[in-house]
$ cat data07.pdb   # PDB, C-alpha atoms
MODEL        1
ATOM      1  CA  MET C   1      10.991  27.172 -49.638
ATOM      2  CA  SER C   2       9.270  29.946 -51.602
ATOM      3  CA  PRO C   3       6.168  31.702 -50.238
ATOM      4  CA  ARG C   4       4.149  30.121 -53.063
ATOM      5  CA  HIS C   5       5.080  26.594 -51.942
ATOM      6  CA  LEU C   6       4.882  27.449 -48.206
ATOM      7  CA  ALA C   7       1.212  28.504 -48.309
ATOM      8  CA  PRO C   8      -0.274  24.989 -48.900
ATOM      9  CA  THR C   9       1.896  23.572 -46.096
ATOM     10  CA  LEU C  10       0.713  26.196 -43.619
ATOM     11  CA  LEU C  11      -2.903  25.689 -44.704
ATOM     12  CA  ALA C  12      -2.640  21.931 -44.131
ATOM     13  CA  LEU C  13      -1.141  22.491 -40.682
ATOM     14  CA  LEU C  14      -3.945  24.889 -39.718
ATOM     15  CA  LEU C  15      -6.563  22.366 -40.849
ATOM     16  CA  VAL C  16      -4.975  19.646 -38.680
ATOM     17  CA  LEU C  17      -4.916  21.924 -35.637
ATOM     18  CA  ALA C  18      -8.499  23.061 -36.239
ATOM     19  CA  ALA C  19      -9.654  19.442 -36.350
ATOM     20  CA  GLY C  20      -8.133  18.826 -32.928
ATOM     21  CA  CYS C  21      -5.729  16.187 -34.207
ATOM     22  CA  THR C  22      -2.391  15.555 -32.544
ATOM     23  CA  ILE C  23       0.709  13.585 -33.366
ATOM     24  CA  LEU C  24       1.406  12.982 -29.640
ATOM     25  CA  PRO C  25       0.589   9.472 -28.378
ATOM     26  CA  GLU C  26      -2.491   9.156 -26.187
ATOM     27  CA  ARG C  27      -1.875   8.428 -22.523
ATOM     28  CA  GLU C  28      -2.760   4.906 -21.502
ATOM     29  CA  PRO C  29      -5.867   4.891 -19.274
ATOM     30  CA  GLN C  30      -5.178   4.029 -15.642
ATOM     31  CA  ARG C  31      -7.139   1.402 -13.727
ATOM     32  CA  LEU C  32      -7.401   2.302 -10.041
ATOM     33  CA  PHE C  33      -7.693  -0.494  -7.483
ATOM     34  CA  ALA C  34      -8.555  -0.452  -3.804
ATOM     35  CA  LEU C  35      -6.998  -2.946  -1.398
ATOM     36  CA  PRO C  36      -9.620  -5.738  -1.124
ATOM     37  CA  GLY C  37     -10.501  -7.805   1.926
ATOM     38  CA  GLY C  38     -10.422  -6.558   5.486
ATOM     39  CA  THR C  39     -13.605  -8.271   6.701
ATOM     40  CA  ASP C  40     -12.262 -11.633   7.889
ATOM     41  CA  ILE C  41     -10.049 -10.598  10.825
ATOM     42  CA  ASP C  42     -10.131 -12.894  13.864
ATOM     43  CA  ALA C  43     -11.728 -10.929  16.707
ATOM     44  CA  SER C  44     -11.184 -13.576  19.395
ATOM     45  CA  GLY C  45      -8.596 -13.291  22.152
ATOM     46  CA  PRO C  46      -7.907 -11.285  25.302
ATOM     47  CA  THR C  47      -8.678  -7.592  25.549
ATOM     48  CA  THR C  48      -6.826  -4.668  27.109
ATOM     49  CA  SER C  49      -7.957  -1.248  28.306
ATOM     50  CA  ALA C  50      -5.283   0.608  26.307
ATOM     51  CA  THR C  51      -5.939   3.138  23.577
ATOM     52  CA  LEU C  52      -3.729   2.792  20.513
ATOM     53  CA  ARG C  53      -2.771   5.397  17.934
ATOM     54  CA  ILE C  54      -1.726   4.066  14.527
ATOM     55  CA  ASP C  55       0.620   6.539  12.905
ATOM     56  CA  SER C  56       1.101   7.132   9.200
ATOM     57  CA  LEU C  57       3.481   4.519   7.858
ATOM     58  CA  THR C  58       6.710   5.332   6.051
ATOM     59  CA  ALA C  59       8.273   3.640   3.038
ATOM     60  CA  SER C  60      11.419   3.914   0.994
ATOM     61  CA  ALA C  61      11.323   4.230  -2.783
ATOM     62  CA  PRO C  62       9.821   2.640  -4.754
ATOM     63  CA  HIS C  63       7.296   1.329  -2.200
ATOM     64  CA  GLY C  64       5.954   4.719  -1.146
ATOM     65  CA  GLY C  65       3.901   5.469  -4.254
ATOM     66  CA  ASN C  66       0.680   4.193  -5.780
ATOM     67  CA  GLN C  67       2.197   2.024  -8.513
ATOM     68  CA  LEU C  68       1.535  -1.697  -8.435
ATOM     69  CA  LEU C  69       5.122  -2.908  -8.254
ATOM     70  CA  VAL C  70       6.344  -6.158  -9.781
ATOM     71  CA  MET C  71       9.692  -7.807  -8.979
ATOM     72  CA  PRO C  72      10.609  -9.944 -12.024
ATOM     73  CA  ALA C  73      14.121 -10.630 -10.670
ATOM     74  CA  PRO C  74      15.888 -10.060  -7.338
ATOM     75  CA  ASP C  75      16.499  -6.348  -6.674
ATOM     76  CA  GLU C  76      14.653  -5.318  -9.856
ATOM     77  CA  TYR C  77      11.319  -3.506  -9.867
ATOM     78  CA  GLU C  78       8.841  -2.699 -12.605
ATOM     79  CA  ALA C  79       5.555  -0.801 -12.473
ATOM     80  CA  TRP C  80       2.540  -2.635 -13.893
ATOM     81  CA  ALA C  81       1.510  -0.473 -16.844
ATOM     82  CA  GLY C  82      -1.994   0.951 -16.715
ATOM     83  CA  VAL C  83      -2.597  -0.176 -13.108
ATOM     84  CA  ARG C  84      -2.480   1.992  -9.992
ATOM     85  CA  TRP C  85      -3.591   1.785  -6.371
ATOM     86  CA  ARG C  86      -6.221   4.343  -5.422
ATOM     87  CA  ASP C  87      -3.811   5.759  -2.804
ATOM     88  CA  ASP C  88      -0.165   5.460  -1.796
ATOM     89  CA  ALA C  89       0.841   2.102  -0.309
ATOM     90  CA  PRO C  90       1.581   3.488   3.209
ATOM     91  CA  ARG C  91      -1.904   4.985   3.407
ATOM     92  CA  LEU C  92      -3.546   1.791   2.121
ATOM     93  CA  LEU C  93      -1.781  -0.340   4.718
ATOM     94  CA  GLN C  94      -2.436   2.128   7.540
ATOM     95  CA  GLU C  95      -6.150   2.022   6.691
ATOM     96  CA  ARG C  96      -6.068  -1.781   6.713
ATOM     97  CA  LEU C  97      -4.418  -1.823  10.161
ATOM     98  CA  LEU C  98      -6.942   0.661  11.551
ATOM     99  CA  GLU C  99      -9.762  -1.476  10.190
ATOM    100  CA  ALA C 100      -8.259  -4.665  11.655
ATOM    101  CA  PHE C 101      -7.728  -3.265  15.162
ATOM    102  CA  ARG C 102     -11.184  -1.706  15.243
ATOM    103  CA  HIS C 103     -12.848  -4.865  13.960
ATOM    104  CA  ALA C 104     -11.057  -6.966  16.587
ATOM    105  CA  GLY C 105     -12.565  -4.779  19.320
ATOM    106  CA  ARG C 106      -9.915  -5.835  21.822
ATOM    107  CA  LEU C 107      -8.770  -2.321  22.759
ATOM    108  CA  ASP C 108     -10.607   0.533  24.450
ATOM    109  CA  GLY C 109      -9.875   2.756  21.485
ATOM    110  CA  VAL C 110      -8.056   2.842  18.140
ATOM    111  CA  ILE C 111      -7.282   6.221  16.568
ATOM    112  CA  ASP C 112      -5.141   7.549  13.738
ATOM    113  CA  ASP C 113      -2.607  10.371  13.639
ATOM    114  CA  ASN C 114      -5.290  12.922  12.705
ATOM    115  CA  SER C 115      -7.056  12.509  16.056
ATOM    116  CA  ASN C 116      -6.473  14.952  18.917
ATOM    117  CA  ALA C 117      -7.366  12.306  21.499
ATOM    118  CA  ARG C 118      -4.731  10.966  23.863
ATOM    119  CA  SER C 119      -3.500   7.412  23.529
ATOM    120  CA  ASP C 120      -1.505   5.033  25.693
ATOM    121  CA  ALA C 121       0.691   3.713  22.893
ATOM    122  CA  VAL C 122       1.626   4.450  19.299
ATOM    123  CA  LEU C 123       2.071   1.905  16.533
ATOM    124  CA  SER C 124       4.394   3.082  13.786
ATOM    125  CA  GLY C 125       6.042   1.196  10.982
ATOM    126  CA  HIS C 126       8.176   1.233   7.852
ATOM    127  CA  ILE C 127       7.115  -0.655   4.734
ATOM    128  CA  ALA C 128      10.062  -2.660   3.454
ATOM    129  CA  ALA C 129       8.145  -4.554   0.763
ATOM    130  CA  PHE C 130       4.831  -4.121  -1.024
ATOM    131  CA  HIS C 131       5.242  -5.786  -4.393
ATOM    132  CA  LEU C 132       4.346  -8.790  -6.543
ATOM    133  CA  ARG C 133       7.236 -11.246  -6.740
ATOM    134  CA  LEU C 134       7.573 -13.338  -9.905
ATOM    135  CA  ASP C 135       9.139 -16.791  -9.648
ATOM    136  CA  GLY C 136       8.651 -18.605 -12.922
ATOM    137  CA  ASP C 137       4.900 -18.970 -13.374
ATOM    138  CA  THR C 138       4.256 -18.218  -9.692
ATOM    139  CA  ARG C 139       3.237 -14.730  -8.586
ATOM    140  CA  ARG C 140       3.160 -13.804  -4.905
ATOM    141  CA  ALA C 141       2.226 -10.571  -3.182
ATOM    142  CA  VAL C 142       4.842  -9.732  -0.554
ATOM    143  CA  VAL C 143       4.047  -7.349   2.310
ATOM    144  CA  ARG C 144       6.806  -6.619   4.834
ATOM    145  CA  LEU C 145       6.519  -4.158   7.717
ATOM    146  CA  ASP C 146       9.025  -3.148  10.397
ATOM    147  CA  ALA C 147       6.723  -2.254  13.288
ATOM    148  CA  GLN C 148       7.394  -0.426  16.552
ATOM    149  CA  LEU C 149       5.192   0.018  19.613
ATOM    150  CA  ILE C 150       6.006   3.160  21.598
ATOM    151  CA  ASP C 151       4.710   4.428  24.942
ATOM    152  CA  GLU C 152       3.186   7.784  24.013
ATOM    153  CA  SER C 153       3.890   9.593  27.283
ATOM    154  CA  SER C 154       7.501   8.485  27.833
ATOM    155  CA  ARG C 155       8.355   7.772  24.157
ATOM    156  CA  LYS C 156       9.923   4.518  25.354
ATOM    157  CA  LEU C 157      10.156   1.744  22.787
ATOM    158  CA  LEU C 158       7.990  -1.095  24.071
ATOM    159  CA  ALA C 159       8.686  -3.590  21.290
ATOM    160  CA  SER C 160       9.714  -3.856  17.657
ATOM    161  CA  ARG C 161       9.371  -6.651  15.162
ATOM    162  CA  ARG C 162       9.493  -7.349  11.433
ATOM    163  CA  PHE C 163       6.370  -8.883   9.904
ATOM    164  CA  GLU C 164       6.201 -10.467   6.454
ATOM    165  CA  THR C 165       3.316 -12.198   4.741
ATOM    166  CA  MET C 166       2.888 -13.574   1.228
ATOM    167  CA  ALA C 167      -0.105 -14.669  -0.814
ATOM    168  CA  GLU C 168      -0.120 -16.331  -4.232
ATOM    169  CA  ALA C 169      -2.051 -14.813  -7.126
ATOM    170  CA  SER C 170      -4.331 -17.256  -8.928
ATOM    171  CA  ASP C 171      -3.414 -16.040 -12.418
ATOM    172  CA  ALA C 172      -1.563 -13.290 -14.309
ATOM    173  CA  THR C 173      -4.374 -10.703 -14.321
ATOM    174  CA  PRO C 174      -4.303  -7.430 -12.375
ATOM    175  CA  GLU C 175      -7.441  -8.528 -10.521
ATOM    176  CA  ALA C 176      -5.718 -11.657  -9.206
ATOM    177  CA  ALA C 177      -2.634  -9.677  -8.220
ATOM    178  CA  VAL C 178      -4.733  -7.130  -6.324
ATOM    179  CA  MET C 179      -6.621  -9.914  -4.535
ATOM    180  CA  SER C 180      -3.332 -11.477  -3.417
ATOM    181  CA  PHE C 181      -2.272  -8.138  -1.911
ATOM    182  CA  GLY C 182      -5.537  -8.066   0.008
ATOM    183  CA  VAL C 183      -4.953 -11.551   1.425
ATOM    184  CA  ALA C 184      -1.343 -10.804   2.403
ATOM    185  CA  SER C 185      -2.340  -7.485   4.017
ATOM    186  CA  ASP C 186      -5.139  -9.164   5.989
ATOM    187  CA  GLU C 187      -2.764 -11.831   7.274
ATOM    188  CA  LEU C 188      -0.236  -9.204   8.312
ATOM    189  CA  ALA C 189      -2.924  -7.139  10.053
ATOM    190  CA  GLU C 190      -4.193 -10.146  11.996
ATOM    191  CA  VAL C 191      -0.740 -11.206  13.223
ATOM    192  CA  LEU C 192       0.189  -7.607  14.043
ATOM    193  CA  THR C 193      -3.013  -7.111  16.035
ATOM    194  CA  GLY C 194      -2.317 -10.129  18.224
ATOM    195  CA  TRP C 195       1.298  -9.093  18.771
ATOM    196  CA  ALA C 196       0.475  -5.498  19.727
ATOM    197  CA  ILE C 197      -2.243  -6.498  22.184
ATOM    198  CA  GLU C 198       0.050  -9.071  23.784
ATOM    199  CA  VAL C 199       2.744  -6.406  24.272
ATOM    200  CA  LEU C 200       0.253  -3.887  25.708
ATOM    201  CA  GLU C 201      -1.142  -6.487  28.101
ATOM    202  CA  ASP C 202       2.312  -6.885  29.664
ATOM    203  CA  GLN C 203       2.732  -3.160  30.380
TER     204      GLN C 203
ENDMDL
END
$ encode --input "data07.pdb" --output "structure tokens"
Amino acid sequence: MSPRHLAPTLLALLLVLAAGCTILPEREPQRLFALPGGTDIDASGPTTSATLRIDSLTASAPHGGNQLLVMPAPDEYEAWAGVRWRDDAPRLLQERLLEAFRHAGRLDGVIDDNSNARSDAVLSGHIAAFHLRLDGDTRRAVVRLDAQLIDESSRKLLASRRFETMAEASDATPEAAVMSFGVASDELAEVLTGWAIEVLEDQ
């Protein structure tokens, strides 16, 4: 191309850049959701004088991030476009467990792994599922946790158990999906609280 024909092309390019235009696609805005619920935990039942530390939870990919995962078919995962949790799934579930144990009020103390206080036992766990399962027109939040109770002083394993809860979403919206995760997480927290206190009572 000759310099005479190149000049208009360069001028047009400079005008586009000066106007702030771009040919790159705009990023889709992200909607951030918190884990709802957490206020309807059964606080009845026996108490124990133990202090419990709830450690940070672990998770294998893809459950360790902040994407709202959907399972459209067995062993297949997709991320819901434009939707994210406000924090990683292990942190969300740890916060829900801390809230549940503290609300129950059946222990002398409940602390997290950032506390310097001593505890009698440690609750740790690995998230094996935290996704929305599709089955035809039915959508269910699935929360599965492999939990372990450990004596903090001796590091002896006191008990271990797999917990799984599911809750159906009322429709196909992100809001309904998020609400179903809240229900499933609350159910898991309630069952886990009763189990842990029962184990600690026997020590």
$ atom_distance --input "data07.pdb" --atom1 "atom CA of Val142 of chain C" --atom2 "atom CA of Ala189 of chain C"
13.4 Å
$ resolve_selection --input "data07.pdb" --expression "the PyMOL selection byres ((chain C and resi 52-67) around 6)" --output "PDB file with C-alpha atoms, in the coordinates of the input"
ATOM      1  CA  THR C  51      -5.939   3.138  23.577  1.00  0.00           C
ATOM      2  CA  LEU C  68       1.535  -1.697  -8.435  1.00  0.00           C
ATOM      3  CA  LEU C  69       5.122  -2.908  -8.254  1.00  0.00           C
ATOM      4  CA  ALA C  79       5.555  -0.801 -12.473  1.00  0.00           C
ATOM      5  CA  ARG C  84      -2.480   1.992  -9.992  1.00  0.00           C
ATOM      6  CA  TRP C  85      -3.591   1.785  -6.371  1.00  0.00           C
ATOM      7  CA  ASP C  87      -3.811   5.759  -2.804  1.00  0.00           C
ATOM      8  CA  ASP C  88      -0.165   5.460  -1.796  1.00  0.00           C
ATOM      9  CA  ALA C  89       0.841   2.102  -0.309  1.00  0.00           C
ATOM     10  CA  PRO C  90       1.581   3.488   3.209  1.00  0.00           C
ATOM     11  CA  VAL C 110      -8.056   2.842  18.140  1.00  0.00           C
ATOM     12  CA  ILE C 111      -7.282   6.221  16.568  1.00  0.00           C
ATOM     13  CA  ASP C 112      -5.141   7.549  13.738  1.00  0.00           C
ATOM     14  CA  ASP C 113      -2.607  10.371  13.639  1.00  0.00           C
ATOM     15  CA  SER C 119      -3.500   7.412  23.529  1.00  0.00           C
ATOM     16  CA  ALA C 121       0.691   3.713  22.893  1.00  0.00           C
ATOM     17  CA  VAL C 122       1.626   4.450  19.299  1.00  0.00           C
ATOM     18  CA  LEU C 123       2.071   1.905  16.533  1.00  0.00           C
ATOM     19  CA  SER C 124       4.394   3.082  13.786  1.00  0.00           C
ATOM     20  CA  GLY C 125       6.042   1.196  10.982  1.00  0.00           C
ATOM     21  CA  HIS C 126       8.176   1.233   7.852  1.00  0.00           C
ATOM     22  CA  ILE C 127       7.115  -0.655   4.734  1.00  0.00           C
TER      23      ILE C 127
END
$ closest_residue --input "data07.pdb" --among "C:Pro29, C:Pro46, C:Gly82, C:Gly38" --to "Ala196 of chain C" --atoms "only C-alpha atoms"
C:Pro46
$ residues_around --input "data07.pdb" --residues "Arg144 of chain C" --least-positions-apart "5" --cutoff "6 Å" --atoms "all atoms listed in the file" --output "number ranges by chain"
C: 127-129, 163-164
$ resolve_selection --input "data07.pdb" --expression "the PyMOL selection byres ((chain C and resi 194) around 10)" --output "PyMOL selection string"
chain C and resi 42-46+101+104+106+189-193+195-199
$ residues_around --input "data07.pdb" --residues "segment 169-185 of chain C" --least-positions-apart "2" --cutoff "7 Å" --atoms "only C-alpha atoms" --output "list in words"
Leu35, Pro36, Gly37, Arg139, Arg140, Ala141, Val142, Val143, Thr165, Met166, Ala167, Glu187, Leu188 and Ala189 of chain C
$ residues_around --input "data07.pdb" --residues "segment 71-74 of chain C" --least-positions-apart "2" --cutoff "6 Å" --atoms "only C-alpha atoms" --output "count of residues only"
5
$ closest_residue --input "data07.pdb" --among "C:Ala100, C:Ala159, C:Ala81, C:Arg118" --to "Asp202 of chain C" --atoms "all atoms listed in the file"
C:Ala159
$ closest_residue --input "data07.pdb" --among "C:Leu149, C:Leu98, C:Leu92, C:Val70" --to "Ile41 of chain C" --atoms "only C-alpha atoms"
C:Leu98
$ atom_distance --input "data07.pdb" --atom1 "atom CA of Leu107 of chain C" --atom2 "atom CA of Ser153 of chain C"
18.0 Å
$ atom_distance --input "data07.pdb" --atom1 "atom CA of Asn114 of chain C" --atom2 "atom CA of His131 of chain C"
27.4 Å
